[in-house]
Amino acid sequence: DHSIKGGLDYQQNEIYNLFGRTEFGAYTFRGIDNLAAGNYYTFNLYQPAAGYTLDDVAAQWTYKQWGAFLQDTWQVTDALSVQYGFRLDIPKTADQPLYNAKFEQAFGYANNNTIDGKKLFQPRVSFNLDLDGERTAQLRGGFGLFMTNPPTVWMTNPYQNNGVTLRNYTSFSPATAPFNPDPLNQPIPTGNPGAGSIDVIDPDFKLPTVWKANLSIDRETPVWGLVASAEYLHIQV
């Protein structure tokens, strides 16, 4: 006998992330006396690049994932049943990080890659064997591929750290960029600011998965019907 089941799954995550640790300035002082005197050791500040706002710096994108599964439970004998099937997940996004031409010139591939359409096929099989005909002892096990929840924080970084919308300033000289405790009136250090780090998604990136296998034996005990189990579990990342 066969029992077939299937289904669909959909999830959507709207992401807004602004990592603004040094938006209002970050100072490092060597000792309390230097703090009192405003004599910092380092001063870091990030600001939107010319023509951009903080809203442009923030990472904003929508992650969608379509999933489908199909499974057949086959009752091979009265004692043995086998389940086999698959799950298919398809990540989707219509949003891309801002393109940075200089990055592609330097490294040979674009910085605005996404995971859009990188589908993942996950086969799975399991079994259950009644060992004594009384259903008081059974052997069971399975093997298959499983995908984790998407690491959206990592996948969000390229949208903010694109090397275009942000400028990083660093100063070691309180004389040219004096300490100011007012977060809304931070000094802009002299010199050419850096573009900050650039994060990218590898063109061959795949969502994290693991192969899982287990083998278990269960036995009902004469003590209040409690079930004792022993299980071996192997995970291959």
# chains A, B, ... in the order shown; residues from 1 in each chain; ligands from 1

$ select_by_dssp --residues "region 5-229 of chain A" --states "helix (DSSP H, G or I)" --output "PyMOL selection string"
chain A and resi 32-37+54-57+101-107+152-160

$ closest_atom_pairs --of "region 29-133 of chain A" --to "region 192-207 of chain A" --cutoff "9 Å" --atoms "only C-alpha atoms" --output "tab-separated table"
residue	atom	partner	partner_atom	distance
A:Tyr46	CA	A:Gly196	CA	8.6
A:Ala49	CA	A:Ala195	CA	8.5
A:Pro97	CA	A:Val200	CA	8.8
A:Phe103	CA	A:Ile198	CA	8.4
A:Tyr109	CA	A:Pro203	CA	8.2
A:Ala110	CA	A:Val200	CA	8.2
A:Asn111	CA	A:Val200	CA	5.2
A:Asn112	CA	A:Val200	CA	6.9
A:Asn113	CA	A:Ile201	CA	5.7
A:Thr114	CA	A:Ile201	CA	6.3
A:Ile115	CA	A:Phe205	CA	7.4
A:Lys118	CA	A:Lys206	CA	7.0
A:Lys119	CA	A:Lys206	CA	8.7
A:Leu120	CA	A:Leu207	CA	8.0

$ residues_around --residues "Gln65 (chain A)" --least-positions-apart "5" --cutoff "10 Å" --atoms "only C-alpha atoms" --output "ChimeraX atom specification"
/A:9-13,89-93,116-117,119,150

$ residues_around --residues "Ala68 (chain A)" --least-positions-apart "2" --cutoff "6 Å" --atoms "only C-alpha atoms" --output "list in words"
Gly7, Leu8, Arg87 and Leu88 of chain A

$ write_last_selection --atoms "all heavy atoms" --output "PDB file, in the first residue's frame"
ATOM      1  N   GLY A   7       2.835  19.071  -0.576  1.00  0.00           N
ATOM      2  CA  GLY A   7       2.445  20.381  -0.073  1.00  0.00           C
ATOM      3  C   GLY A   7       3.320  21.487  -0.613  1.00  0.00           C
ATOM      4  O   GLY A   7       4.340  21.244  -1.271  1.00  0.00           O
ATOM      5  N   LEU A   8       2.893  22.709  -0.335  1.00  0.00           N
ATOM      6  CA  LEU A   8       3.619  23.912  -0.737  1.00  0.00           C
ATOM      7  C   LEU A   8       3.905  24.756   0.492  1.00  0.00           C
ATOM      8  O   LEU A   8       3.170  24.723   1.475  1.00  0.00           O
ATOM      9  CB  LEU A   8       2.800  24.727  -1.745  1.00  0.00           C
ATOM     10  CG  LEU A   8       2.463  24.053  -3.075  1.00  0.00           C
ATOM     11  CD1 LEU A   8       1.511  24.931  -3.881  1.00  0.00           C
ATOM     12  CD2 LEU A   8       3.727  23.773  -3.878  1.00  0.00           C
ATOM     13  N   ARG A  87      12.156  17.483  -1.034  1.00  0.00           N
ATOM     14  CA  ARG A  87      11.707  18.860  -0.831  1.00  0.00           C
ATOM     15  C   ARG A  87      12.515  19.753  -1.769  1.00  0.00           C
ATOM     16  O   ARG A  87      13.734  19.563  -1.929  1.00  0.00           O
ATOM     17  CB  ARG A  87      11.900  19.309   0.616  1.00  0.00           C
ATOM     18  CG  ARG A  87      11.457  20.757   0.855  1.00  0.00           C
ATOM     19  CD  ARG A  87      11.673  21.193   2.291  1.00  0.00           C
ATOM     20  NE  ARG A  87      11.337  22.613   2.438  1.00  0.00           N
ATOM     21  CZ  ARG A  87      10.145  23.078   2.784  1.00  0.00           C
ATOM     22  NH1 ARG A  87       9.157  22.225   3.056  1.00  0.00           N
ATOM     23  NH2 ARG A  87       9.916  24.373   2.883  1.00  0.00           N
ATOM     24  N   LEU A  88      11.860  20.716  -2.384  1.00  0.00           N
ATOM     25  CA  LEU A  88      12.510  21.666  -3.281  1.00  0.00           C
ATOM     26  C   LEU A  88      12.264  23.074  -2.754  1.00  0.00           C
ATOM     27  O   LEU A  88      11.121  23.479  -2.577  1.00  0.00           O
ATOM     28  CB  LEU A  88      11.964  21.539  -4.703  1.00  0.00           C
ATOM     29  CG  LEU A  88      12.531  22.509  -5.737  1.00  0.00           C
ATOM     30  CD1 LEU A  88      14.014  22.243  -5.986  1.00  0.00           C
ATOM     31  CD2 LEU A  88      11.745  22.432  -7.047  1.00  0.00           C
TER      32      LEU A  88
END

$ closest_atom_pairs --of "region 113-189 of chain A" --to "region 53-60 of chain A" --cutoff "6 Å" --atoms "only C-alpha atoms" --output "Markdown table"
| residue | atom | partner | partner_atom | distance |
| --- | --- | --- | --- | --- |
| A:Tyr159 | CA | A:Ala59 | CA | 4.9 |
| A:Gln160 | CA | A:Ala59 | CA | 4.7 |
| A:Thr165 | CA | A:Val57 | CA | 5.6 |

$ closest_residue --among "A:Pro208, A:Gly25, A:Gly51, A:Pro151" --to "Ser171 (chain A)" --atoms "only C-alpha atoms"
A:Gly25

$ residues_around --residues "region 38-42 of chain A" --least-positions-apart "3" --cutoff "10 Å" --atoms "only C-alpha atoms" --output "list in words"
Ala26, Tyr27, Thr28, Phe29, Arg30, Gly31, Ile32, Asp33, Asn34, Leu35, Thr170, Ser171, Phe172, Ser173, Pro174, Ala175, Pro178, Phe179, Asn180 and Pro181 of chain A

$ closest_residue --among "A:Leu45, A:Ala79, A:Ala36, A:Ala94" --to "Gly133 (chain A)" --atoms "only C-alpha atoms"
A:Ala79

$ residues_around --residues "Asp182 (chain A)" --least-positions-apart "3" --cutoff "9 Å" --atoms "only C-alpha atoms" --output "short mmCIF file (atom, residue, chain, number, x, y, z; two decimals) with N, CA, C and O atoms, in the first residue's frame"
data_model
loop_
_atom_site.label_atom_id
_atom_site.label_comp_id
_atom_site.auth_asym_id
_atom_site.auth_seq_id
_atom_site.Cartn_x
_atom_site.Cartn_y
_atom_site.Cartn_z
N PHE A 24 27.50 58.39 14.80
CA PHE A 24 27.62 59.58 15.63
C PHE A 24 29.00 59.72 16.26
O PHE A 24 29.18 60.45 17.23
N ASN A 185 26.90 66.80 16.05
CA ASN A 185 27.82 67.79 15.48
C ASN A 185 29.25 67.25 15.53
O ASN A 185 30.14 67.85 16.13
N GLN A 186 29.44 66.11 14.91
CA GLN A 186 30.76 65.49 14.91
C GLN A 186 31.66 66.15 13.85
O GLN A 186 31.20 66.51 12.75
#

$ atom_distance --atom1 "CA of Phe127 (chain A)" --atom2 "CA of Gly142 (chain A)"
6.3 Å

$ atom_distance --atom1 "CA of Lys64 (chain A)" --atom2 "CA of Gly163 (chain A)"
25.8 Å

$ select_by_dssp --residues "region 74-194 of chain A" --states "strand (DSSP E or B)" --output "VMD selection string"
chain A and resid 74 to 75 80 to 92 120 to 130 137 to 147 166 to 171 194
